[in-house]
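Peer 1: upload-v1.cif is reproduced below (mmCIF, C-alpha atoms).
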```cif
data_input
#
loop_
_atom_site.label_atom_id
_atom_site.label_comp_id
_atom_site.auth_asym_id
_atom_site.auth_seq_id
_atom_site.Cartn_x
_atom_site.Cartn_y
_atom_site.Cartn_z
CA MET A 888 94.60 -74.57 36.75
CA LYS A 889 94.93 -71.33 34.75
CA ILE A 890 95.01 -67.81 36.27
CA MET A 891 92.06 -65.79 34.94
CA GLU A 892 91.60 -62.78 37.26
CA ILE A 893 93.46 -61.00 40.04
CA HIS A 894 91.30 -59.06 42.47
CA ILE A 895 92.88 -56.32 44.60
CA ALA A 896 91.27 -55.09 47.81
CA GLN A 897 92.09 -53.45 51.12
CA LEU A 898 91.35 -55.22 54.41
CA THR A 899 91.04 -53.20 57.63
CA ILE A 900 90.75 -54.84 61.06
CA PRO A 901 90.78 -52.72 64.26
CA LEU A 902 93.27 -53.56 67.00
CA ILE A 903 92.36 -54.13 70.64
CA ARG A 904 94.84 -51.38 71.57
CA PRO A 905 97.29 -49.19 69.56
CA PHE A 906 100.51 -50.88 68.46
CA ILE A 907 103.55 -48.71 69.20
CA THR A 908 107.23 -49.29 68.38
CA ALA A 909 110.31 -47.08 68.13
CA VAL A 910 109.42 -46.30 64.50
CA ARG A 911 105.60 -46.09 64.32
CA ARG A 912 102.16 -46.19 65.92
CA THR A 913 99.00 -47.71 64.40
CA GLU A 914 95.50 -48.60 65.54
CA CYS A 915 94.46 -51.18 62.93
CA VAL A 916 95.70 -53.86 60.59
CA ASP A 917 95.44 -52.35 57.11
CA ASP A 918 96.53 -54.81 54.41
CA VAL A 919 96.36 -54.92 50.65
CA VAL A 920 94.75 -58.25 49.73
CA VAL A 921 95.31 -60.15 46.49
CA MET A 922 92.77 -62.78 45.41
CA ILE A 923 93.78 -64.78 42.34
CA LYS A 924 90.95 -66.64 40.58
CA THR A 925 91.54 -69.63 38.29
CA ASP A 926 89.54 -71.18 35.48
CA ARG A 927 88.49 -73.94 37.89
CA GLY A 928 87.00 -71.49 40.36
CA ASN A 929 89.80 -71.76 42.90
CA TRP A 930 90.86 -68.63 44.77
CA GLY A 931 94.39 -67.99 46.02
CA TYR A 932 94.78 -65.43 48.80
CA GLY A 933 97.76 -63.23 49.57
CA SER A 934 98.27 -60.02 51.52
CA ALA A 935 100.76 -57.20 51.99
CA ALA A 936 101.23 -54.90 54.98
CA SER A 937 102.02 -51.24 54.46
CA THR A 938 105.20 -50.44 56.42
CA PRO A 939 106.88 -47.42 54.78
CA ALA A 940 109.26 -46.90 57.71
CA ILE A 941 110.58 -50.47 57.44
CA THR A 942 110.15 -51.84 53.91
CA GLY A 943 109.51 -48.54 52.14
CA ASP A 944 106.22 -49.96 50.87
CA SER A 945 103.05 -47.88 51.26
CA THR A 946 99.50 -48.97 50.52
CA GLU A 947 99.59 -46.92 47.33
CA SER A 948 102.90 -48.34 46.11
CA ILE A 949 101.81 -51.92 46.83
CA ILE A 950 98.59 -51.48 44.88
CA SER A 951 100.41 -49.81 41.99
CA ALA A 952 103.06 -52.53 41.78
CA ILE A 953 100.47 -55.31 41.70
CA LYS A 954 98.10 -53.52 39.34
CA THR A 955 100.64 -52.39 36.75
CA ILE A 956 103.53 -54.87 36.82
CA LEU A 957 103.28 -57.94 39.06
CA GLY A 958 99.67 -58.90 38.35
CA PRO A 959 99.21 -58.54 34.58
CA GLN A 960 102.12 -60.87 33.73
CA LEU A 961 100.36 -63.76 35.50
CA ILE A 962 97.08 -63.66 33.56
CA GLY A 963 96.68 -66.82 31.45
CA ARG A 964 99.58 -68.63 33.14
CA ASN A 965 99.16 -72.09 34.65
CA ILE A 966 99.70 -72.56 38.38
CA SER A 967 101.67 -75.73 37.66
CA GLU A 968 104.46 -73.38 36.49
CA LEU A 969 104.95 -72.32 40.12
CA ASN A 970 108.73 -71.90 40.12
CA LEU A 971 108.68 -69.92 36.88
CA LEU A 972 105.85 -67.72 38.18
CA LEU A 973 107.75 -67.06 41.39
CA GLN A 974 110.86 -66.14 39.40
CA MET A 975 108.82 -63.79 37.23
CA ASN A 976 107.38 -62.20 40.36
CA ASN A 977 110.81 -61.66 41.91
CA GLN A 978 112.48 -60.33 38.78
CA ALA A 979 109.69 -58.10 37.42
CA MET A 980 110.82 -55.02 39.35
CA ALA A 981 113.30 -53.88 41.96
CA GLY A 982 112.29 -53.59 45.62
CA ASN A 983 108.56 -53.76 46.39
CA SER A 984 109.05 -56.78 48.67
CA SER A 985 105.59 -56.50 50.25
CA ALA A 986 103.74 -56.48 46.93
CA LYS A 987 105.85 -59.42 45.76
CA ALA A 988 105.05 -61.25 49.00
CA ALA A 989 101.30 -60.86 48.45
CA ILE A 990 101.57 -62.44 44.98
CA ASP A 991 103.98 -65.13 46.22
CA ILE A 992 101.61 -66.13 49.04
CA ALA A 993 98.60 -66.33 46.71
CA LEU A 994 100.55 -68.44 44.21
CA HIS A 995 101.66 -70.84 46.95
CA ASP A 996 98.07 -71.04 48.18
CA LEU A 997 96.85 -72.02 44.69
CA PHE A 998 99.68 -74.50 44.10
CA ALA A 999 98.93 -76.25 47.39
CA GLN A 1000 95.26 -76.41 46.37
CA HIS A 1001 96.37 -77.84 43.01
CA CYS A 1002 98.30 -80.54 44.93
CA GLY A 1003 95.41 -81.17 47.34
CA LEU A 1004 97.47 -80.38 50.46
CA PRO A 1005 97.44 -77.73 53.18
CA LEU A 1006 100.30 -75.34 52.49
CA TYR A 1007 102.10 -76.25 55.71
CA LYS A 1008 102.15 -79.91 54.58
CA LEU A 1009 103.20 -79.05 51.03
CA LEU A 1010 106.18 -77.20 52.53
CA GLY A 1011 107.08 -80.23 54.66
CA GLY A 1012 105.31 -79.65 57.96
CA ASN A 1013 103.38 -82.24 59.94
CA THR A 1014 101.34 -80.33 62.51
CA ASN A 1015 98.92 -77.42 62.12
CA SER A 1016 99.49 -75.83 65.53
CA ILE A 1017 102.13 -73.25 66.47
CA SER A 1018 102.87 -71.20 69.57
CA SER A 1019 103.79 -67.54 69.24
CA CYS A 1020 105.32 -64.98 71.52
CA ILE A 1021 103.27 -61.81 71.99
CA THR A 1022 104.45 -58.21 71.88
CA ILE A 1023 104.10 -55.34 74.31
CA SER A 1024 104.17 -51.91 72.68
CA VAL A 1025 106.59 -49.31 73.98
CA LYS A 1026 104.81 -46.79 76.24
CA GLU A 1027 104.90 -45.55 79.83
CA ILE A 1028 106.29 -48.10 82.27
CA ASP A 1029 103.10 -48.63 84.26
CA ALA A 1030 101.09 -49.24 81.10
CA MET A 1031 103.64 -51.77 79.81
CA VAL A 1032 103.63 -53.59 83.13
CA GLN A 1033 99.85 -53.81 83.08
CA ASP A 1034 99.91 -55.13 79.52
CA ALA A 1035 102.46 -57.78 80.52
CA VAL A 1036 100.43 -58.91 83.53
CA ASP A 1037 97.28 -59.10 81.41
CA LEU A 1038 99.04 -61.25 78.81
CA VAL A 1039 100.45 -63.62 81.41
CA ASN A 1040 97.00 -63.95 82.95
CA GLN A 1041 95.73 -64.94 79.50
CA GLY A 1042 98.28 -67.77 79.44
CA HIS A 1043 101.09 -66.34 77.32
CA GLN A 1044 104.53 -67.64 78.32
CA THR A 1045 106.84 -65.66 76.00
CA ILE A 1046 106.63 -61.87 75.75
CA LYS A 1047 108.56 -59.57 73.43
CA ILE A 1048 109.13 -56.10 74.84
CA LYS A 1049 109.36 -53.24 72.35
CA LEU A 1050 112.06 -50.75 73.36
CA GLY A 1051 114.30 -48.23 71.63
CA LEU A 1052 112.95 -44.80 72.57
CA ASN A 1053 115.19 -44.06 75.58
CA PRO A 1054 117.97 -46.43 76.70
CA MET A 1055 117.85 -45.67 80.43
CA GLU A 1056 114.06 -45.80 80.50
CA ASP A 1057 114.25 -49.06 78.56
CA ILE A 1058 116.22 -50.66 81.40
CA LYS A 1059 113.55 -49.56 83.85
CA ARG A 1060 110.84 -50.96 81.59
CA VAL A 1061 112.42 -54.40 81.57
CA GLN A 1062 113.09 -54.27 85.34
CA ALA A 1063 109.48 -53.44 86.11
CA ILE A 1064 108.05 -56.05 83.75
CA ARG A 1065 110.33 -58.80 85.07
CA GLN A 1066 109.39 -57.94 88.64
CA ALA A 1067 105.69 -58.05 87.76
CA VAL A 1068 105.62 -61.33 85.79
CA GLY A 1069 108.24 -63.32 87.70
CA ASN A 1070 111.06 -65.50 86.42
CA SER A 1071 108.99 -68.26 84.79
CA ILE A 1072 108.00 -66.04 81.85
CA THR A 1073 110.42 -65.69 78.92
CA LEU A 1074 111.11 -62.04 78.08
CA LEU A 1075 112.63 -61.04 74.74
CA VAL A 1076 113.70 -57.52 73.79
CA ASP A 1077 113.36 -55.69 70.47
CA ALA A 1078 114.90 -52.23 70.10
CA ASN A 1079 113.84 -51.77 66.45
CA GLN A 1080 117.16 -50.03 65.63
CA GLY A 1081 116.52 -47.52 68.42
CA TRP A 1082 119.86 -47.59 70.29
CA SER A 1083 123.31 -46.33 69.45
CA TYR A 1084 126.20 -48.79 69.58
CA GLU A 1085 127.36 -47.44 72.94
CA ASP A 1086 123.88 -47.41 74.45
CA ALA A 1087 123.18 -50.94 73.23
CA LEU A 1088 126.21 -52.25 75.10
CA LYS A 1089 125.23 -50.35 78.25
CA VAL A 1090 121.62 -51.55 78.19
CA ILE A 1091 122.46 -55.19 77.50
CA GLU A 1092 125.17 -55.22 80.18
CA SER A 1093 122.77 -53.66 82.68
CA LEU A 1094 120.11 -56.27 81.93
CA LYS A 1095 122.73 -58.96 82.56
CA GLN A 1096 124.06 -57.42 85.77
CA GLN A 1097 120.56 -57.20 87.20
CA HIS A 1098 119.89 -60.87 86.35
CA LEU A 1099 116.79 -60.00 84.33
CA ASN A 1100 117.28 -63.15 82.24
CA ILE A 1101 116.91 -61.77 78.71
CA PRO A 1102 117.96 -64.50 76.25
CA LEU A 1103 117.60 -62.43 73.09
CA VAL A 1104 117.90 -58.85 71.84
CA GLU A 1105 116.56 -58.09 68.39
CA GLN A 1106 118.02 -55.40 66.10
CA PRO A 1107 119.61 -53.18 68.76
CA ILE A 1108 121.14 -50.67 66.30
CA ARG A 1109 120.68 -49.30 62.79
CA ALA A 1110 120.19 -51.99 60.16
CA HIS A 1111 123.07 -50.97 57.88
CA ASP A 1112 125.69 -51.03 60.64
CA LEU A 1113 126.78 -54.66 60.49
CA LEU A 1114 130.26 -53.99 61.88
CA HIS A 1115 128.90 -52.54 65.10
CA LEU A 1116 126.24 -55.27 65.23
CA LYS A 1117 129.08 -57.79 65.14
CA ALA A 1118 130.95 -55.87 67.83
CA ILE A 1119 127.90 -56.02 70.08
CA SER A 1120 127.35 -59.71 69.38
CA ASP A 1121 130.99 -60.49 70.16
CA GLN A 1122 130.84 -58.71 73.52
CA VAL A 1123 127.53 -59.83 75.04
CA ASP A 1124 126.21 -63.16 76.33
CA CYS A 1125 122.65 -62.99 75.03
CA LEU A 1126 121.69 -63.77 71.44
CA ILE A 1127 121.70 -60.85 69.00
CA ILE A 1128 119.17 -61.25 66.18
CA ALA A 1129 119.07 -59.28 62.92
CA ASP A 1130 115.63 -58.13 61.80
CA GLU A 1131 115.69 -54.93 59.73
CA ALA A 1132 119.27 -55.86 58.72
CA CYS A 1133 118.05 -59.04 57.03
CA PHE A 1134 115.61 -58.62 54.13
CA SER A 1135 117.04 -60.87 51.45
CA PRO A 1136 119.24 -63.90 50.80
CA GLU A 1137 122.01 -61.43 49.91
CA ASP A 1138 121.62 -59.71 53.29
CA THR A 1139 121.82 -63.09 55.00
CA LEU A 1140 125.03 -63.94 53.14
CA ASN A 1141 126.56 -60.61 54.17
CA ILE A 1142 125.64 -61.25 57.81
CA ALA A 1143 126.99 -64.80 57.66
CA LYS A 1144 130.26 -63.79 55.98
CA ILE A 1145 131.37 -61.71 58.97
CA ASN A 1146 129.41 -63.63 61.63
CA ALA A 1147 127.67 -60.33 62.43
CA CYS A 1148 125.13 -61.78 64.88
CA ASP A 1149 123.67 -64.99 66.27
CA GLY A 1150 120.58 -65.28 64.11
CA VAL A 1151 117.99 -63.73 61.82
CA ASN A 1152 114.27 -63.01 61.89
CA ILE A 1153 112.59 -64.09 58.65
CA LYS A 1154 109.52 -62.11 57.59
CA LEU A 1155 107.68 -62.58 54.31
CA MET A 1156 107.12 -58.83 53.85
CA LYS A 1157 110.89 -58.33 53.94
CA SER A 1158 111.89 -61.34 51.85
CA GLY A 1159 109.24 -60.89 49.15
CA GLY A 1160 107.47 -64.12 50.02
CA ILE A 1161 107.99 -67.79 50.78
CA GLU A 1162 110.45 -68.52 47.97
CA ASN A 1163 113.09 -66.09 49.25
CA ALA A 1164 112.27 -67.00 52.86
CA GLN A 1165 113.34 -70.55 52.00
CA ALA A 1166 116.65 -69.24 50.62
CA ILE A 1167 117.25 -67.10 53.71
CA TYR A 1168 116.53 -70.10 55.93
CA ASN A 1169 118.95 -72.33 54.01
CA ILE A 1170 121.77 -69.77 54.15
CA ALA A 1171 121.23 -69.15 57.85
CA LYS A 1172 121.18 -72.89 58.53
CA ALA A 1173 124.42 -73.40 56.60
CA ALA A 1174 125.98 -70.62 58.69
CA GLN A 1175 124.73 -72.32 61.90
CA MET A 1176 122.64 -69.30 62.84
CA ASN A 1177 119.56 -69.28 65.03
CA ILE A 1178 116.36 -68.66 63.06
CA MET A 1179 113.15 -67.06 64.20
CA VAL A 1180 110.15 -66.03 62.13
CA GLY A 1181 108.08 -62.90 62.47
CA CYS A 1182 105.69 -60.63 60.65
CA MET A 1183 104.63 -57.04 60.27
CA LEU A 1184 101.29 -55.94 61.66
CA GLU A 1185 99.54 -58.28 59.21
CA SER A 1186 96.10 -59.75 58.67
CA PRO A 1187 95.40 -63.44 59.37
CA ILE A 1188 96.09 -64.11 55.67
CA GLY A 1189 99.76 -63.23 56.10
CA ILE A 1190 99.85 -65.00 59.47
CA ALA A 1191 98.56 -68.20 57.85
CA ALA A 1192 101.36 -68.01 55.26
CA ILE A 1193 104.28 -67.37 57.64
CA ALA A 1194 102.89 -69.93 60.12
CA SER A 1195 102.78 -72.51 57.29
CA PHE A 1196 106.42 -71.72 56.53
CA ALA A 1197 107.42 -71.92 60.20
CA LEU A 1198 105.65 -75.24 60.74
CA SER A 1199 107.68 -76.75 57.90
CA LYS A 1200 110.92 -75.99 59.79
CA PRO A 1201 111.48 -78.05 62.96
CA ASP A 1202 114.29 -75.82 64.22
CA ILE A 1203 112.59 -72.40 64.31
CA PHE A 1204 113.39 -71.30 67.84
CA TYR A 1205 110.92 -68.43 68.23
CA ALA A 1206 107.83 -67.46 66.26
CA ASP A 1207 106.52 -63.91 66.62
CA LEU A 1208 103.14 -64.05 64.87
CA ASP A 1209 101.07 -62.10 67.35
CA PRO A 1210 98.85 -59.79 65.24
CA ILE A 1211 96.20 -62.51 65.35
CA TYR A 1212 96.04 -61.92 69.13
CA LEU A 1213 96.05 -58.12 68.76
CA ILE A 1214 93.04 -57.71 66.44
CA ARG A 1215 89.54 -57.18 67.82
CA ASP A 1216 88.08 -59.87 65.59
CA ASN A 1217 89.26 -62.24 62.86
CA TYR A 1218 87.40 -61.32 59.67
CA VAL A 1219 89.15 -64.04 57.66
CA LEU A 1220 87.17 -67.29 57.48
CA GLY A 1221 89.32 -70.42 57.77
CA GLY A 1222 93.09 -70.09 57.37
CA ALA A 1223 94.73 -69.15 60.67
CA GLN A 1224 92.63 -69.05 63.83
CA ARG A 1225 93.63 -68.57 67.44
CA LEU A 1226 92.85 -71.20 70.05
CA GLY A 1227 93.94 -70.06 73.49
CA THR A 1228 97.59 -69.08 73.11
CA LYS A 1229 98.13 -71.21 70.00
CA ILE A 1230 97.57 -70.52 66.30
CA ILE A 1231 95.74 -73.31 64.45
CA LEU A 1232 95.90 -73.63 60.66
CA SER A 1233 93.17 -75.07 58.48
CA ASP A 1234 93.67 -78.62 57.20
CA LYS A 1235 91.94 -77.79 53.92
CA PRO A 1236 94.10 -77.51 50.77
CA GLY A 1237 96.22 -74.38 50.42
CA LEU A 1238 95.82 -71.80 53.15
CA GLY A 1239 92.29 -73.05 53.71
CA ILE A 1240 90.78 -69.56 53.50
CA GLU A 1241 87.06 -69.68 52.78
CA GLY A 1242 86.37 -65.96 52.43
CA ILE A 1243 86.50 -62.63 54.24
CA ALA A 1244 83.45 -61.74 56.32
CA GLN A 1245 83.89 -57.96 56.57
CA GLY A 1246 86.37 -55.09 56.46
CA LEU A 1247 87.14 -55.60 52.76
CA ASN A 1248 87.13 -52.68 50.32
CA GLN A 1249 87.38 -53.76 46.68
CA ILE A 1250 89.90 -51.76 44.63
CA GLY A 1251 90.05 -53.37 41.20
CA VAL A 1252 90.36 -56.47 39.02
CA ILE A 1253 93.10 -57.46 36.58
CA HIS A 1254 91.79 -59.56 33.66
#
```
Would you mind giving the structure from this file in structure tokens?
Peer 2:
Amino acid sequence: MKIMEIHIAQLTIPLIRPFITAVRRTECVDDVVVMIKTDRGNWGYGSAASTPAITGDSTESIISAIKTILGPQLIGRNISELNLLLQMNNQAMAGNSSAKAAIDIALHDLFAQHCGLPLYKLLGGNTNSISSCITISVKEIDAMVQDAVDLVNQGHQTIKIKLGLNPMEDIKRVQAIRQAVGNSITLLVDANQGWSYEDALKVIESLKQQHLNIPLVEQPIRAHDLLHLKAISDQVDCLIIADEACFSPEDTLNIAKINACDGVNIKLMKSGGIENAQAIYNIAKAAQMNIMVGCMLESPIGIAAIASFALSKPDIFYADLDPIYLIRDNYVLGGAQRLGTKIILSDKPGLGIEGIAQGLNQIGVIH
């Protein structure tokens, strides 16, 4: 199965409501899509989310990286060389983790097709169904409460609350949401680096004192500040999870060396794809850390890939793959589909993607 063409496009899918965190606001999923065609007519799909404030990768930089460096080196290569192709992809340039992830996902899709297995089975999984928590954007308290109630009424049992704009208001946000949804719903908190060290301790202690039952706080402070992250983790009862602090296997080693926190959130756009996600997972496991998986605001292509990875790991303790619930419609045929509050993956070989119905703007082809 030889790589003949690489098509680059942009996929835009409107959201049901704007997505707002401590670092950005957006009203649509807007991914760069890679479609690799082989001499046998197989297509491998990958995608990359533009998140300049997090990964440093913009739509323009992703397209440029794929078009000029990552893509051309694959033309004429055989998909059976998977490990070599993945190494070439990782080593071709510094940074650009989102562009690398798009290529990595498409290569894994094709290799699974070559093997005649769904990707989640190729990676070692046994079931095609996964539950995900769902996120509430940070906004005015009343609006967040209404969002939480709506989600619970739809059947969601685990809600992640985006915080990080104002520490004292954040406490009130969690109070109001807990009061509205009751104690049977699991509430997680994600500050997206928005608190100072001192404020993080105050907020987390207040949540504990008020018995708001928050089992996990994600990335409370700036990503580079591992020493203060460790100090927070050492002083609080809830789990502290590194997100923006953990992009690579090297980051994971640095976190593990000083026991900086209780766990990591693995995202393909940070790691550069499934290959490095596997390495991060193995390091975190060896360090006896908790492991969750997540994503950027990605299309169902990326969701299918990270869900396949998650389903191959029996000890993932939370999956945050909610963009598939946040989009107005799923333009991707096959792959990942939502069924109630679960995400169901195709049982066809690879990612099982059969095409894209709309929202796709062709950019170019690498021959």
Peer 1: Which neighbours of stretch 1049-1053 of chain A fall inside 10 Å, counting all atoms listed in the file, when residues of the same chain fewer than 4 positions from it are skipped, and could you give them as a VMD selection string?
Peer 2: chain A and resid 906 to 910 1022 to 1026 1031 1057 to 1058 1060 to 1061 1075 to 1083 1086 to 1087 1105 to 1108
Peer 1: Just checking: using all atoms listed in the file, which residue out of A:Leu1103, A:Ile900, A:Leu969, A:Ala1035 ends up closest to A:Pro1210?
Peer 2: A:Ile900
Peer 1: For stretch 979-989 of chain A, work out the shell of residues within 8 Å, counting all atoms listed in the file and skipping chain neighbours fewer than 3 positions away, then give it as a ChimeraX atom specification.
Peer 2: /A:920-921,932-937,942-944,948-950,952-953,956-957,975-976,992-993,1155-1161
Peer 1: Applying 9 Å and only C-alpha atoms, which residues near A:Ile1253 remain after dropping the ones on its own chain fewer than 5 positions away? List them as a PyMOL selection string.
Peer 2: chain A and resi 891-895+954+958-959+962
Peer 1: Taking all atoms listed in the file into account, name the residue in A:Ala940, A:Val1123, A:Ile890, A:Cys1133 that is nearest to A:Asn1163.
Peer 2: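 Residue with the minimum atom-to-atom distance to A:Asn1163: A:Cys1133.
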Peer 1: Between atom CA of A:Cys1002 and atom CA of A:Pro1236, what is the distance in Å, rounded to a tenth?
Peer 2: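 Interatomic distance here is 7.8 Å.
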Peer 1: Between A:Lys1089, A:Val919, A:Arg911, A:Cys1020, which has the minimum distance to A:Ser1186 (counting all atoms listed in the file)?
Peer 2: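 Result for the nearest residue to A:Ser1186: A:Val919.
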Peer 1: Distance atom CA of A:Thr913-atom CA of A:Ile1046, one decimal place?
Peer 2: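 Here the two named atoms are 19.7 Å from each other.
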Peer 1: Skip stretch 1181-1183 of chain A itself and residues of its chain fewer than 5 positions away, then list as a ChimeraX atom specification all residues within 8 Å of it, counting only C-alpha atoms.
Peer 2: /A:936,938,1152-1156,1189-1190,1193,1206-1208
Peer 1: Can you tell me, as a list in words, what residues are no more than 7 Å from A:Gly1242 when counting all atoms listed in the file, ignoring any on the same chain fewer than 2 positions away?
Peer 2: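 Counting all atoms listed in the file, the residues come to Val1219, Leu1220, Ile1240 and Ala1244 of chain A.
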Peer 1: Given the PyMOL selection byres ((chain A and resi 1221) around 10) and the file above, list the residues it selects as a list in words.
Peer 2: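 Selected by the PyMOL selection byres ((chain A and resi 1221) around 10) here: Pro1187, Ile1188, Ala1191, Asn1217, Tyr1218, Val1219, Leu1220, Gly1222, Ala1223, Gln1224, Ile1231, Leu1232, Ser1233, Asp1234, Lys1235, Leu1238, Gly1239, Ile1240, Glu1241, Gly1242 and Ile1243 of chain A.
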Peer 1: Hey, which of A:Gln1096, A:Val1036, A:Phe1196, A:Gly1246 ends up closest to A:Arg1215? Count only C-alpha atoms.
Peer 2: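 Answer, going by the shortest atom-to-atom distance: A:Gly1246.
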Peer 1: Using the file's own x, y and z axes, what box holds all listed atoms of stretch 1172-1186 of chain A with 4 Å on each side, keeping edges along x, y and z, and what are its centre and edge lengths in Å to one decimal, as JSON?
Peer 2:
```
{"center_x": 111.0, "center_y": -64.7, "center_z": 60.8, "size_x": 37.9, "size_y": 25.5, "size_z": 16.4}
```
Peer 1: Have a look at A:Ile1119, A:Val1252, A:Leu1184, A:Ile1203 and name the one nearest to A:Pro905; count only C-alpha atoms.
Peer 2: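 Under the stated criterion, the closest residue is A:Leu1184.
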